[in-house]
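These notes concern the structure reproduced below.
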Amino acid sequence: MTPRMPWSARLGLALTLLFALLALVGPWIAPYDEARVVGEVWEPFSRAHPLGTDHLGRDMLSRMLYGARRTIGIALAATCLSFVLGTTLGYLAATLGGWVDAVLSRVVDTLMSIPTLIFALVVLAVLPPSVTVLILVMAVLDSTRVFRLARAVAMDVVVLEFVEAARLRGEGLGWIVLREIGPNTLPPLLAEFGMRFCFAILFLSSLSFLGLGIQPPAADWGGMVRDNANAIAFGLPVPLVPAAAIALLTVAVNLVVDWQLRRATAGRGA
Amino acid sequence: MHPIVALIARRLALGVLSLWAVSLLIFAGTEILPGDVAEAMLGQSATPEAVAAIRRELGLDRPAWERYLDWLAGMLRGDLGTSYANRMPVVALVGDRLANTLFLASVAAAVAVPLAILLGIVAVRWRETPVDRLLSAMTLSAISMPEFFVGYALIFLFAVTWPLASPIAAVHPGMALPDRLAAVALPVVTLAFVTVAHMMRMTRAAILNVMESPYIETAELKGLARTRIVLRHALPNALSPIINVVVINLAYLVVGVVVVEVVFVYPGLGQLMVDAVAKRDVPLVQACGMIFAATYVLLNLTADVLAILTNPRLRHPR
């Protein structure tokens with residue numbers, strides 16, 4: 001029944017798993033510490049430094065490996081939190097309806113009428129750019145998108161007979177949300193998770209690139225692009241290394257998501 | 001009154017309401033810190049007297065609602081406040097920068113919109129062929145890539161390896177239009193690259209949606225050529241969603257400029273806002289945030305109004 005996985009999705013899945021592995025073991029297999037100066041500024045690729053050195057003479061490969069865990073870890077944490085927040089509120093809005101739904105939906109509409117990056121910049125003008133603040137800001141802003149989807153799919157389920165039956169049985173709100181609606185709305189939310197995760201990676205990297213995300217000397221991919229941007233003027237492709245890693249990871253995840261979405265629509269006979 | 005006028009008037013009133021809500025959120029966004037900007041500006045070593053002095057000077061000793069009303073009233077008069085960093089009126093700092101950003105965004109839009117619609121039509125005409133699949137793979141990659149990767153890759157290729165364009169998009173007042181266009185060539189391509197991908201995918205989906213209708217099947221069974229079906233039968237009915245797609249992506253473009261401006265050191269509003277955030281210059285950040293958000297809201301409003309206007313069912317009610 002399941003159609004064969006196309007080569008693009010296989011490639012995407014393989015690359016995603018590779019990145020996940022690197023994020024897990026990165027700091028242990030890194031040849032040097034992320035903050036240690038081990039050579040000259042912007043040394044070319046060599047046996048000692050396979051990806052060269054950065055603008056302070058630190059090993060690029062080691063920083064890439066440390067950065068993998070930080071970039072992917074923070075983006076993943078923000079995405080998970082935004083899903084917990086977005087689905088909980090979305091399910092509640094759909095189940096309770098009435099003024100709870102009206103208030104939540106209006107608040108989310110207003111939040112979504114400001115572009116995410118712009119609102120994040122406004123908030124970061126007063127908040128310190130610590131990891132906790134970054135995760136919270138990203139999660140809250142992104143949860144608006146999750147809320148919309150979770151509410152929409154839950155709305156379709158809430159009117160079905162088995163939810164009615166549970167209500168008549170006298171089940172509480174917790175049961176209805178967790179046992180009746182939750183499991184029946186999971187598949188569309190899973191594809192959305194991949195997309196939100198990609199967005200979180202790009203968003204975090206953009207903030208770090210603008211100098212407002214993760215602060216030096218901690219290595220993260222967006223910040224590494226910023227640190228080494230001047231190398232381009234000397235004809236060195238140094239900032240392209242972390243930038244390409246971000247691009248490769250997001251393209252890989254999107255290939256898998258795209259396949260999932262295609263499969264979902266194909267099932268409906270479209 | 002024609003019902004369509006009432007419909008548009010309602011939408012415009014809603015737009016004004018959401019602009020007000022946006023102003024409230026942006027102001028609240030800068031108030032969520034338990035301390036305040038005075039403490040953040042001076043750092044931990046500040047004496048309580050110094051903090052109190054700054055607070056008085058910036059007017060932070062007044063309650064938040066009073067400052068919000070002042071700020072809102074000032075905006076309505078065209079007064080955006082005074083920068084903390086250099087004590088200049090924010091309007092003077094923003095003026096030229098906004099013009100530069102709008103110039104960059106409009107040139108990018110002029111390139112991106114025709115290209116995206118053309119590619120969308122091509123993808124539908126040769127649907128499920130290698131052309132369509134190649135376009136689909138390319139646009140999927142393009143929308144997944146960070147703007148700065150595209151930007152630096154373009155600089156590396158076309159400003160360093162083959163020096164065809166300038167790596168830094170320096171523009172100054174009084175620059176002739178051809179020089180100005182040459183200066184922004186690479187940022188325009190960067191912005192267009194990402195926007196075209198979004199717009200083309202949505203255009204393709206909009207036309208395909210119409211292509212599912214029974215009347216298209218009739219046209220196919222009549223034996224009409226595929227190009228003719230796509231251009232003469234499907235496209236006119238897909239126009240309304242396509243206009244919507246274009247305007248929504250223009251809104252995206254206005255925000256996308258922030259990162260692109262920083263990559264190319266372009267003197268625009270995005271660059272100004274990022275610098276202001278780093279300096280914690282709250283009035284300037286609020287003003288830039290408000291301008292970006294207002295542009296976004298207004299473009300989305302335009303999309304809705306155009307959607308109403310291009311819908312024949314609403315134009316000619318029975």
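All residue names refer to the structure tokens as shown: chains lettered A, B, ... in order, residues numbered from 1 in each chain, ligands numbered from 1 in order.
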What lies within 10 Å of Gln215 in chain A using only C-alpha atoms, ignoring chain neighbours under 4 positions off, as a PDB file with C-alpha atoms, in the first residue's frame?
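Contents of around_6.pdb, freshly written:
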ATOM      1  CA  PRO A 129      19.905  37.391  24.335  1.00  0.00           C
ATOM      2  CA  SER A 130      20.312  34.345  26.583  1.00  0.00           C
ATOM      3  CA  VAL A 131      19.510  30.821  25.379  1.00  0.00           C
ATOM      4  CA  SER A 208      22.546  34.876  15.284  1.00  0.00           C
ATOM      5  CA  GLY A 211      24.261  39.417  16.057  1.00  0.00           C
ATOM      6  CA  ALA A 219      29.713  28.463  18.327  1.00  0.00           C
ATOM      7  CA  ASP A 220      26.506  28.316  16.327  1.00  0.00           C
ATOM      8  CA  GLY A 223      26.889  33.350  14.236  1.00  0.00           C
TER       9      GLY A 223
END
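Every residue of chain A that lies within 7 Å of chain B is listed here, counting only C-alpha atoms: Thr110, Ser113, Ile114, Pro115, Ile118, Leu121, Val122, Val123, Leu124, Ala125, Val126, Leu127, Leu202, Leu210, Ile232, Gly235, Pro237, Leu240, Ala243, Ala244, Ala247, Thr250 and Val251 of chain A.
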Emit the selected residues as a PDB file, in the first residue's frame, including C-alpha atoms.
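Just written: selection-v5.pdb:
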ATOM      1  CA  THR A 110      -2.959  40.028  16.208  1.00  0.00           C
ATOM      2  CA  SER A 113      -0.239  40.334  11.898  1.00  0.00           C
ATOM      3  CA  ILE A 114       3.287  41.325  12.902  1.00  0.00           C
ATOM      4  CA  PRO A 115       6.068  39.556  10.963  1.00  0.00           C
ATOM      5  CA  ILE A 118      10.241  42.067  13.321  1.00  0.00           C
ATOM      6  CA  LEU A 121      13.717  42.170  17.080  1.00  0.00           C
ATOM      7  CA  VAL A 122      11.415  44.471  19.070  1.00  0.00           C
ATOM      8  CA  VAL A 123      11.402  42.104  22.044  1.00  0.00           C
ATOM      9  CA  LEU A 124      15.147  41.434  21.883  1.00  0.00           C
ATOM     10  CA  ALA A 125      15.781  45.184  22.095  1.00  0.00           C
ATOM     11  CA  VAL A 126      14.926  44.955  25.791  1.00  0.00           C
ATOM     12  CA  LEU A 127      15.570  41.296  26.696  1.00  0.00           C
ATOM     13  CA  LEU A 202      16.408  29.444   9.769  1.00  0.00           C
ATOM     14  CA  LEU A 210      22.247  39.589  12.808  1.00  0.00           C
ATOM     15  CA  ILE A 232      34.563  36.813   1.412  1.00  0.00           C
ATOM     16  CA  GLY A 235      38.206  35.613  -1.818  1.00  0.00           C
ATOM     17  CA  PRO A 237      34.628  30.944   1.078  1.00  0.00           C
ATOM     18  CA  LEU A 240      29.802  29.662   3.080  1.00  0.00           C
ATOM     19  CA  ALA A 243      25.740  28.758   5.707  1.00  0.00           C
ATOM     20  CA  ALA A 244      25.793  25.692   3.456  1.00  0.00           C
ATOM     21  CA  ALA A 247      20.893  25.177   3.862  1.00  0.00           C
ATOM     22  CA  THR A 250      16.740  22.609   6.025  1.00  0.00           C
ATOM     23  CA  VAL A 251      16.569  21.313   2.446  1.00  0.00           C
TER      24      VAL A 251
END
Margin query: Can you pull out the residues contacting range 63-74 of chain A? Cut-off 7 Å, using only C-alpha atoms, and skip same-chain residues under 3 positions away; I want them as a list of chain:residue names.
Written below: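 In the requested form, the answer reads A:Leu22, A:Ala23, A:Leu24, A:Gly26, A:Pro27, A:Ala30, A:Glu34, A:Asp59, A:Met60, A:Ala77, A:Ala78, A:Ile135, A:Ile201, A:Ala219, A:Asp220, A:Trp221, A:Pro242.
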Next item on the list: Check the DSSP output for the backbone and give back, as number ranges by chain, the residues of range 160-255 of chain B in helix (DSSP H, G or I).
Entry: B: 160-161, 177-183, 185-211, 214-221, 226-255
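You can rank A:Leu117, A:Leu85, A:Ala200, A:Leu236 by their closest distance to Thr53 in chain A using only C-alpha atoms, and at the top of that list sits A:Leu236.
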Note to self: Set the distance at 12 Å and use only C-alpha atoms: which residues neighbour range 119-135 of chain B once local chain neighbours fewer than 4 positions away are removed? I'd like the list as a PyMOL selection string.
What the structure shows: (chain A and resi 8) or (chain B and resi 112-115+139-142+196-212+225-232+234-236+238-239+242+245-246)
